[in-house]
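This report refers to the structure that appears directly beneath it.
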Amino acid sequence: IAPDFLPDRVLEGHQGLIWKPAFSPDGRMIATAACWEGKVRVWDVENGNCHQTLTTGGIVSPVVWSADGNRVIVTTSEGHLHSLVVWDWRLDRIEQTIELPNSNADAAGMGIAVSPDDCCVALSYRQGRIVLCDLQSEAVLADQAISRDSIFLMQFLQEGACLVVAAFDSMVRFLAVPTLSEQQSIEIPNLEWCELLPNGDVLAVCKNVAGAIDCHVTLYDGTTAEAKMVVTDGSSA
């Protein structure tokens with residue numbers, strides 16, 4: 001390993017598989033969730049100390065921060081019972097527990113996103129299903145199958161009026177909130193992974209070609225779906 005890639009510090013405490021870490025909006029904290037352990041931890045980026053630990057008693061999903069950085073949101077699953085948990089990590093207090101639709105086939109909360117105003121949470125289930133929850137009323141606004149394949153990207157745009165969803169069926173969909181009706185879609189053959197700028201202007205795409213990850217990253221216009229640039233080995237074309 002090159003010296004530049006040696007870890008600056010190691011955060012130790014979880015037991016088992018850890019989901020993708022999430023930085024707080026101000027970049028000072030990291031939230032992590034250990035799937036089978038059922039625990040969520042908040043760490044200080046500067047010194048690596050664990051500030052708070054939430055023990056749920058169930059299987060936990062990836063976490064997301066509220067826009068103000070005061071709360072961590074996660075889903076928990078116990079059998080076929082799924083719940084959305086809103087945790088004030090500073091006071092170590094659970095503010096809300098919202099019961100989610102039951103499912104015999106899907107695991108809740110494979111992905112999670114929160115709207116910029118902290119009013120709405122989107123959850124992706126296996127087999128391309130999305131559940132939309134209103135945090136103020138605690139109501140389920142929508143529960144809809146979007147794709148036949150797993151969803152790996154969800155992001156709110158336009159101050160929460162649009163939800164962008166990418167799935168392994170090679171489709172990127174722009175959905176109206178709260179109806180989840182499709183406004184626009186982009187088909188990207190061999191889509192393996194993508195990320196969207198926070199303002200939605202640029203979509204960065206990585207493809208799977210002949211069973212291998214392509215070393216090229218293609219940048220698309222997030223509105224017109226027009227390919228803008230191909231980046232490879234630090235160069236562009």
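Residues are referred to by chain and number: the chain letter is A, B, ... according to the order shown in the structure tokens, the number counts from 1 in that chain, and ligands are numbered separately from 1 in the order shown.
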Inset, instruction - Pick out each residue of stretch 15-227 of chain A that DSSP on the backbone tags as strand (DSSP E); I need them as a PyMOL selection string. - result: chain A and resi 22-23+29-34+39-44+50-55+59-60+64-65+71-78+81-88+93-99+111-114+120-125+129-134+140-145+151-157+162-167+171-176+182-187+191-196+202-209+212-221+227
Inset, instruction - Write out as number ranges by chain the residues lying within 12 Å of A:Leu163, counting only C-alpha atoms and excluding same-chain residues fewer than 6 positions away. - result: A: 112-116, 120-124, 130-132, 146, 153-157, 172-185, 196, 198-200
Inset, instruction - Within 9 Å of A:Arg148, counting only C-alpha atoms, which residues show up once you throw out same-chain ones fewer than 5 positions away? Write them as a count of residues only, please. - result: 7
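Atom CA of A:Ser147 sits 18.6 Å away from atom CA of A:Lys207.
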Residues within 8 Å of A:Asp88, only C-alpha atoms, excluding chain neighbours under 3 positions, as a JSON list (two decimals) with C-alpha atoms, in the first residue's frame:
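Once everything was written out, this is part26.json:
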[["chain", "number", "residue", "atom", "x", "y", "z"],
["A", 70, "ASN", "CA", -28.77, 16.61, 15.00],
["A", 71, "ARG", "CA", -30.36, 13.26, 14.22],
["A", 72, "VAL", "CA", -29.40, 9.93, 12.69],
["A", 91, "LEU", "CA", -29.15, 13.53, 23.80],
["A", 92, "ASP", "CA", -29.06, 9.76, 23.12],
["A", 93, "ARG", "CA", -32.84, 9.80, 22.73],
["A", 94, "ILE", "CA", -35.09, 8.10, 20.18],
["A", 95, "GLU", "CA", -37.43, 10.82, 18.91]]
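Comparing the minimum interatomic distances between A:Thr223 and each of A:Gly69, A:Asp143, A:Leu203, A:Ala166, counting only C-alpha atoms, we find that A:Leu203 sits nearest.
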Legend entry - Å distance separating atom CA of A:Cys162 from atom CA of A:Cys206, one decimal place: 23.0 Å
Legend entry - 12 Å contact set for A:Asn47, only C-alpha atoms, chain neighbours under 3 positions out, as a ChimeraX atom specification: /A:8-11,28-30,43-44,50-51
Those residues with C-alpha atoms, as a compact mmCIF listing (two decimals), in the first residue's frame please?
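Result saved to part10.txt:
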# COMPACT_ATOMS: atom_id res chain seq x y z
CA ASP A 8 -5.02 7.99 9.55
CA ARG A 9 -6.98 6.31 12.33
CA VAL A 10 -9.08 3.18 12.84
CA LEU A 11 -12.51 3.31 14.45
CA ARG A 28 -17.19 16.52 11.96
CA MET A 29 -18.91 13.21 12.75
CA ILE A 30 -19.29 9.79 11.14
CA TRP A 43 -17.74 8.90 15.90
CA ASP A 44 -15.67 12.08 16.14
CA CYS A 50 -17.17 7.09 19.81
CA HIS A 51 -19.62 9.69 21.20
Legend entry - Contact residues around A:Ala31 with only C-alpha atoms at 6 Å, ignoring same-chain residues under 2 positions, as an MDAnalysis selection string: chainID A and resid 21:22 41:42
Go ahead and save the residues from that selection, with C-alpha atoms, as a PDB file, in the first residue's frame.
ATOM      1  CA  PRO A  21     -20.353   5.117   6.789  1.00  0.00           C
ATOM      2  CA  ALA A  22     -22.114   8.480   6.573  1.00  0.00           C
ATOM      3  CA  ARG A  41     -22.436   4.510  16.479  1.00  0.00           C
ATOM      4  CA  VAL A  42     -21.469   8.160  16.072  1.00  0.00           C
TER       5      VAL A  42
END
Inset, instruction - Write out as a PyMOL selection string all residues of stretch 22-185 of chain A that backbone DSSP assigns to helix (DSSP H, G or I). - result: chain A and resi 126-128+158-160
Inset, instruction - Extract, using only C-alpha atoms, all DNA, RNA and protein residues at most 12 Å from A:Ser83, discarding same-chain residues fewer than 3 positions from it, and format them as a PyMOL selection string. - result: chain A and resi 56-61+73-80+86+96-103+107-109+123+131+133+138+140
Legend entry - Pick from A:Ala139, A:Val217, A:Ile18, A:Ala161 nearest to A:Glu192, counting only C-alpha atoms: A:Val217
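Comparing A:Pro189, A:Gly111, A:Gly13, A:Gly222 by their smallest distance to A:Gln52, the closest is A:Gly13 (using only C-alpha atoms).
Atom to atom, atom CA of A:Lys39 and atom CA of A:Pro25 stand 21.1 Å apart.
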Inset, instruction - Rank A:Glu226, A:Asp221, A:Glu37, A:Asp68 by their smallest atom-to-atom distance to A:Thr53, using only C-alpha atoms, and report the top residue only. - result: A:Glu37
